[in-house]
Amino acid sequence: MTGNQPDAPQTGAEALVRTLIAGNVDTCFANPGTSEMHFVAALDHIPGIRCVLGLQENTVTGMADGYFRVTRRPAVTLLHCGPGYANGIANLHNARRAGSGILNIVGDHAIPHVIHDSPLTSDVDALVGATSQWHAFGSDPARIGADAARGLAAASDGYGQVASLVLPADVSWTSGGVAAVPAAPQKPRPFDPLAVRKVARALRSDRKVLIILGTPAVVPELHTLLVGLARDTGAVLMGSPLISRMPMGRGRLAMPAVPYSVDVAIETLKPYDIVVLVNCPPPVGFFLYPGRPSLVQRPDAEVLVLSRENQDAAAALGALVAELGIGPAEVPTVVGSIPEVSGPITPEGFAAVVARQLPADAIVINEALTLGGGFAAVAPFMAPSDWLTVTGGAIGGGIPLATGAAVGAQAMGRPDRRVVTLQADGSAAYTLQALWTQARENLPVTTLLLNNRSYAILLDEFKKVGANPGPTAASMMNLDRPAIDWSALARGFGVAAAVATTLEELDIALAQALALDGPMLIDVQFPASRAEQ
C-alpha cells in the first residue's frame, strides 16, 4: 500500500471507508439495506470503524447526535435510500439545532437503475439538500474519497453541522476508488473586535443587561470568567434554550435558561434594556400564540451580538473581559442540600431522588418537559454532570441521544460514565427501539420513564391557544386506553426493568440500575392526577 491507497485496485466503497478512517471517524451508526451492502462489506474487512446497529433510522441519527455531543467529533450514519433518510430527518433536525457534526452516508440505487423508477426510488438528492447543511451526490468511484473528505470537513466546520453524501450502489461496487486524506477540522471563525467594543460600552452603561449564552460559551473552562463578568458588570447570565450540553452540579455555575413557557419567558426578560447574544440566536417562542409576540425580549430592548454561532465564543468572551479590565472569580458555593423525600412521586421528589444518587461525571439526557421540572432547586447540590436536551423540539430524541452518548463516552476512553435518561412516556414511544441497541452493546444507560399516561404538554398548549379540550381532544392526549406496559417492552428489547410507584421504590430501583453492568429502564409512575397538570 502506498500512502492512503492499497496496492490492489479498490472499489468506491473501500475508498470511502479508508477516507473515513483517515479522517479519524471511529463509529458508524447504521441501518443498512441492499444498496449499501458493498459499503457494509468494506466496513467488515477494513478494520477501524465500530458499527452500531439501530433498528430504525431515527434512532440511528439520534445516536449520532448524542455521540457528537460527548466526543465533539463526527460519527457517520449509514441510511438506506430516500425513505430511510426520511425516517431519520426528525433527529437530524434536533442535531442541526444542537450544532452537532454528522456525516450521513445515504445509499441509493445504481445510477442506471434510477430511470426505471423502481418502488424504492425517490428524489434523495432533494431530501438531503433540504435537510442538511452540506450535501453532495457521489457519481464517480474515483472521486468518492474526495467527496467524503469534503463531507467530513463540512461536518466538522466550526462547532459542527449536518452533512450528507449520497452513495449510489454502482459507485460503491465499481473498481477505481481513490481514497483521500481529509483536511484538519476548521476552527470556529474569529470574533469581531467591533462587536466586543460595542458590548463593552453597553456593559459600562447604567442600563440593565442580560447575556444569553449558547453551547460553546457555557463550557466549565469559562465559568470563572463568566462569574467575574457578571460580578463586575451587574449583567445577568442566562442559557439559551438551544444549549446542547450544559455542565451542571457542584462547583459549576448555576445558570437558568430562557424559560420554555412563552408567558414566563416574556415576564422574565421584561426588566432588561439590552440583550447580548453569545453564539446563539435571539430567544423566540416555540410557537406563536394569540395575543403574544414571537420574540420574548422586550420590544424596545436593544439586541447586541457578541459572537455568532460559528465564531469563537471563548476568544470573544476573553476579549470582552480584557476590554473591561475584569478578572476571573471563583464559582460561588451555593448553601443548601438535597432534601430527604418520601411518599407519592412528584416532580420535586423525583428530582431529589435522582440528584442524590446521580454519579459524578454522569451524562443526563432530558426529554421530560412537564415532569422533569424539579431539578433547578437541587442542581447546585448534585455531583458534576453534563445535561443534554432535545434541542430542536422534534420528540423522540431522548433514548437515541442516550445510546449515542454512551457509545461516545466509550470512544473517549470513559466507559465508566453513566448515562441517565429522563424520558417522558409520550415521546419514548417514538424511538423505543434504541433500547435494543443499548442491550446489544451492553451500554451503561439508565432510563427513567416518566409515566403519566398522557401527552401532558399538549394539555398546557391547549390552554395557551385559548381552548379547552373536549372529549375528542382529551382522548387524543391520553395514553391510558390501553395503558402501555413499559417494563414488558423494555424486557422485550433485552433491557432489565422495574416499576416505581413511590419515591421509596424509586430510590431502591435507581440504586439497582446504577449498579448494573448494562442498561435498565424504570417505569416511574406518577399519580393519575398529574396527567391533568
# chains A, B, ... in the order shown; residues from 1 in each chain; ligands from 1
$ residues_around --residues "stretch 176-187 of chain A" --least-positions-apart "2" --cutoff "8 Å" --atoms "only C-alpha atoms" --output "PDB file with N, CA and C atoms, in the first residue's frame"
ATOM      1  N   ASN A   4      -2.265   6.513   1.167  1.00  0.00           N
ATOM      2  CA  ASN A   4      -3.574   6.081   1.645  1.00  0.00           C
ATOM      3  C   ASN A   4      -4.232   5.100   0.681  1.00  0.00           C
ATOM      4  N   GLN A   5      -3.520   4.664  -0.347  1.00  0.00           N
ATOM      5  CA  GLN A   5      -4.093   3.772  -1.349  1.00  0.00           C
ATOM      6  C   GLN A   5      -3.511   2.371  -1.218  1.00  0.00           C
ATOM      7  N   PRO A   9      -6.347  -2.759  -6.776  1.00  0.00           N
ATOM      8  CA  PRO A   9      -7.477  -1.850  -7.040  1.00  0.00           C
ATOM      9  C   PRO A   9      -8.520  -1.958  -5.935  1.00  0.00           C
ATOM     10  N   GLN A  10      -9.221  -0.884  -5.673  1.00  0.00           N
ATOM     11  CA  GLN A  10     -10.257  -0.890  -4.647  1.00  0.00           C
ATOM     12  C   GLN A  10     -11.547  -0.330  -5.218  1.00  0.00           C
ATOM     13  N   THR A  11     -12.644  -0.720  -4.592  1.00  0.00           N
ATOM     14  CA  THR A  11     -13.950  -0.220  -5.004  1.00  0.00           C
ATOM     15  C   THR A  11     -14.179   1.172  -4.427  1.00  0.00           C
ATOM     16  N   GLY A  12     -15.242   1.791  -4.901  1.00  0.00           N
ATOM     17  CA  GLY A  12     -15.612   3.081  -4.328  1.00  0.00           C
ATOM     18  C   GLY A  12     -15.912   2.971  -2.850  1.00  0.00           C
ATOM     19  N   ALA A  13     -16.591   1.882  -2.441  1.00  0.00           N
ATOM     20  CA  ALA A  13     -16.909   1.697  -1.025  1.00  0.00           C
ATOM     21  C   ALA A  13     -15.652   1.570  -0.187  1.00  0.00           C
ATOM     22  N   GLU A  14     -14.664   0.832  -0.674  1.00  0.00           N
ATOM     23  CA  GLU A  14     -13.422   0.671   0.076  1.00  0.00           C
ATOM     24  C   GLU A  14     -12.680   2.004   0.185  1.00  0.00           C
ATOM     25  N   ALA A  15     -12.671   2.772  -0.884  1.00  0.00           N
ATOM     26  CA  ALA A  15     -12.034   4.088  -0.831  1.00  0.00           C
ATOM     27  C   ALA A  15     -12.740   4.995   0.165  1.00  0.00           C
ATOM     28  N   LEU A  16     -14.049   4.889   0.204  1.00  0.00           N
ATOM     29  CA  LEU A  16     -14.824   5.709   1.137  1.00  0.00           C
ATOM     30  C   LEU A  16     -14.484   5.344   2.577  1.00  0.00           C
ATOM     31  N   ARG A  18     -11.777   3.911   3.753  1.00  0.00           N
ATOM     32  CA  ARG A  18     -10.402   4.324   4.079  1.00  0.00           C
ATOM     33  C   ARG A  18     -10.310   5.836   4.289  1.00  0.00           C
ATOM     34  N   THR A  19     -11.097   6.588   3.546  1.00  0.00           N
ATOM     35  CA  THR A  19     -11.114   8.046   3.740  1.00  0.00           C
ATOM     36  C   THR A  19     -11.680   8.407   5.105  1.00  0.00           C
ATOM     37  N   ALA A  22      -9.116   7.684   7.714  1.00  0.00           N
ATOM     38  CA  ALA A  22      -8.072   8.720   7.672  1.00  0.00           C
ATOM     39  C   ALA A  22      -8.549  10.022   8.306  1.00  0.00           C
ATOM     40  N   GLY A  23      -9.869  10.236   8.309  1.00  0.00           N
ATOM     41  CA  GLY A  23     -10.441  11.422   8.933  1.00  0.00           C
ATOM     42  C   GLY A  23     -10.805  11.230  10.389  1.00  0.00           C
ATOM     43  N   PRO A 141     -16.499   6.591  -8.563  1.00  0.00           N
ATOM     44  CA  PRO A 141     -15.670   5.978  -7.521  1.00  0.00           C
ATOM     45  C   PRO A 141     -14.309   6.646  -7.383  1.00  0.00           C
ATOM     46  N   ALA A 142     -13.804   7.229  -8.456  1.00  0.00           N
ATOM     47  CA  ALA A 142     -12.511   7.901  -8.373  1.00  0.00           C
ATOM     48  C   ALA A 142     -12.584   9.182  -7.545  1.00  0.00           C
ATOM     49  N   ARG A 143     -13.792   9.702  -7.369  1.00  0.00           N
ATOM     50  CA  ARG A 143     -13.956  10.949  -6.615  1.00  0.00           C
ATOM     51  C   ARG A 143     -14.625  10.752  -5.262  1.00  0.00           C
ATOM     52  N   ILE A 144     -15.055   9.526  -4.958  1.00  0.00           N
ATOM     53  CA  ILE A 144     -15.846   9.338  -3.733  1.00  0.00           C
ATOM     54  C   ILE A 144     -15.017   9.627  -2.482  1.00  0.00           C
ATOM     55  N   GLY A 145     -13.701   9.344  -2.530  1.00  0.00           N
ATOM     56  CA  GLY A 145     -12.854   9.688  -1.391  1.00  0.00           C
ATOM     57  C   GLY A 145     -12.787  11.186  -1.172  1.00  0.00           C
ATOM     58  N   ALA A 146     -12.612  11.929  -2.268  1.00  0.00           N
ATOM     59  CA  ALA A 146     -12.576  13.394  -2.152  1.00  0.00           C
ATOM     60  C   ALA A 146     -13.919  13.933  -1.680  1.00  0.00           C
ATOM     61  N   ALA A 148     -16.060  12.361   0.258  1.00  0.00           N
ATOM     62  CA  ALA A 148     -16.170  12.067   1.691  1.00  0.00           C
ATOM     63  C   ALA A 148     -15.303  13.009   2.516  1.00  0.00           C
ATOM     64  N   ALA A 149     -14.114  13.334   1.994  1.00  0.00           N
ATOM     65  CA  ALA A 149     -13.242  14.266   2.707  1.00  0.00           C
ATOM     66  C   ALA A 149     -13.899  15.633   2.843  1.00  0.00           C
ATOM     67  N   ARG A 150     -14.566  16.080   1.768  1.00  0.00           N
ATOM     68  CA  ARG A 150     -15.276  17.357   1.841  1.00  0.00           C
ATOM     69  C   ARG A 150     -16.440  17.268   2.819  1.00  0.00           C
ATOM     70  N   LEU A 152     -16.673  15.318   5.510  1.00  0.00           N
ATOM     71  CA  LEU A 152     -16.157  15.355   6.885  1.00  0.00           C
ATOM     72  C   LEU A 152     -15.739  16.760   7.269  1.00  0.00           C
ATOM     73  N   ALA A 153     -15.126  17.481   6.329  1.00  0.00           N
ATOM     74  CA  ALA A 153     -14.741  18.868   6.616  1.00  0.00           C
ATOM     75  C   ALA A 153     -15.975  19.708   6.918  1.00  0.00           C
ATOM     76  N   SER A 156     -17.405  18.892  10.351  1.00  0.00           N
ATOM     77  CA  SER A 156     -16.551  19.393  11.433  1.00  0.00           C
ATOM     78  C   SER A 156     -16.418  20.906  11.436  1.00  0.00           C
ATOM     79  N   ASP A 157     -17.023  21.577  10.488  1.00  0.00           N
ATOM     80  CA  ASP A 157     -16.822  23.009  10.319  1.00  0.00           C
ATOM     81  C   ASP A 157     -17.311  23.783  11.536  1.00  0.00           C
ATOM     82  N   GLY A 158     -16.479  24.683  12.038  1.00  0.00           N
ATOM     83  CA  GLY A 158     -16.857  25.486  13.200  1.00  0.00           C
ATOM     84  C   GLY A 158     -17.073  24.606  14.411  1.00  0.00           C
ATOM     85  N   TYR A 159     -18.294  24.607  14.915  1.00  0.00           N
ATOM     86  CA  TYR A 159     -18.639  23.743  16.038  1.00  0.00           C
ATOM     87  C   TYR A 159     -19.365  22.482  15.586  1.00  0.00           C
ATOM     88  N   THR A 174     -18.136  -0.367  -7.888  1.00  0.00           N
ATOM     89  CA  THR A 174     -17.236  -0.267  -9.033  1.00  0.00           C
ATOM     90  C   THR A 174     -15.796  -0.058  -8.588  1.00  0.00           C
ATOM     91  N   ARG A 189     -14.814  30.490  13.608  1.00  0.00           N
ATOM     92  CA  ARG A 189     -14.381  31.743  12.986  1.00  0.00           C
ATOM     93  C   ARG A 189     -13.925  32.756  14.048  1.00  0.00           C
TER      94      ARG A 189
END
$ residues_around --residues "stretch 239-247 of chain A" --least-positions-apart "5" --cutoff "8 Å" --atoms "only C-alpha atoms" --output "list in words"
Arg69, Arg97, Ala98, Gly99, Ile212, Leu213, Gly214, Thr215, Val218, Val219, Pro220, Arg252, Met255, Pro256, Ala257, Val258, Pro259, Tyr260, Cys280, Pro283, Pro384, Ser385, Asp386, Trp387, Leu388, Thr389, Val390, Thr391 and Gly392 of chain A
$ residues_around --residues "stretch 350-353 of chain A" --least-positions-apart "6" --cutoff "8 Å" --atoms "only C-alpha atoms" --output "list in words"
Ile338, Pro339, Glu340, Val341, Gly372, Gly373, Gly374, Phe375, Val378, Leu503, Leu506 and Asp507 of chain A
$ write_last_selection --atoms "N, CA and C atoms" --output "PDB file, in the first residue's frame"
ATOM      1  N   ILE A 338     -29.746  18.569  49.257  1.00  0.00           N
ATOM      2  CA  ILE A 338     -30.862  17.867  48.626  1.00  0.00           C
ATOM      3  C   ILE A 338     -31.766  17.324  49.724  1.00  0.00           C
ATOM      4  N   PRO A 339     -33.048  17.645  49.707  1.00  0.00           N
ATOM      5  CA  PRO A 339     -33.920  17.214  50.805  1.00  0.00           C
ATOM      6  C   PRO A 339     -34.190  15.716  50.778  1.00  0.00           C
ATOM      7  N   GLU A 340     -34.444  15.153  51.951  1.00  0.00           N
ATOM      8  CA  GLU A 340     -34.933  13.778  52.059  1.00  0.00           C
ATOM      9  C   GLU A 340     -36.407  13.776  51.674  1.00  0.00           C
ATOM     10  N   VAL A 341     -36.816  12.821  50.866  1.00  0.00           N
ATOM     11  CA  VAL A 341     -38.198  12.801  50.378  1.00  0.00           C
ATOM     12  C   VAL A 341     -38.768  11.394  50.504  1.00  0.00           C
ATOM     13  N   GLY A 372     -40.184  16.792  34.505  1.00  0.00           N
ATOM     14  CA  GLY A 372     -38.770  16.886  34.860  1.00  0.00           C
ATOM     15  C   GLY A 372     -38.386  18.261  35.352  1.00  0.00           C
ATOM     16  N   GLY A 373     -39.368  19.030  35.807  1.00  0.00           N
ATOM     17  CA  GLY A 373     -39.117  20.428  36.145  1.00  0.00           C
ATOM     18  C   GLY A 373     -38.637  20.689  37.552  1.00  0.00           C
ATOM     19  N   GLY A 374     -38.341  19.665  38.342  1.00  0.00           N
ATOM     20  CA  GLY A 374     -37.949  19.898  39.725  1.00  0.00           C
ATOM     21  C   GLY A 374     -36.455  20.023  39.946  1.00  0.00           C
ATOM     22  N   PHE A 375     -35.664  19.975  38.882  1.00  0.00           N
ATOM     23  CA  PHE A 375     -34.214  19.889  39.060  1.00  0.00           C
ATOM     24  C   PHE A 375     -33.532  21.218  39.343  1.00  0.00           C
ATOM     25  N   VAL A 378     -32.411  21.557  42.980  1.00  0.00           N
ATOM     26  CA  VAL A 378     -31.419  20.631  43.540  1.00  0.00           C
ATOM     27  C   VAL A 378     -30.140  20.548  42.712  1.00  0.00           C
ATOM     28  N   LEU A 503     -41.677   7.246  45.960  1.00  0.00           N
ATOM     29  CA  LEU A 503     -40.296   7.720  45.978  1.00  0.00           C
ATOM     30  C   LEU A 503     -39.365   6.705  46.632  1.00  0.00           C
ATOM     31  N   LEU A 506     -38.637   4.159  43.995  1.00  0.00           N
ATOM     32  CA  LEU A 506     -37.736   4.759  43.013  1.00  0.00           C
ATOM     33  C   LEU A 506     -36.307   4.766  43.522  1.00  0.00           C
ATOM     34  N   ASP A 507     -36.123   5.095  44.783  1.00  0.00           N
ATOM     35  CA  ASP A 507     -34.793   5.150  45.365  1.00  0.00           C
ATOM     36  C   ASP A 507     -34.105   3.782  45.288  1.00  0.00           C
TER      37      ASP A 507
END
$ closest_residue --among "A:Ala488, A:Ala314, A:Ala110, A:Ala376" --to "A:His38" --atoms "only C-alpha atoms"
A:Ala110
$ closest_residue --among "A:Thr121, A:Gln357, A:Thr431, A:Thr437" --to "A:Ala30" --atoms "only C-alpha atoms"
A:Thr437
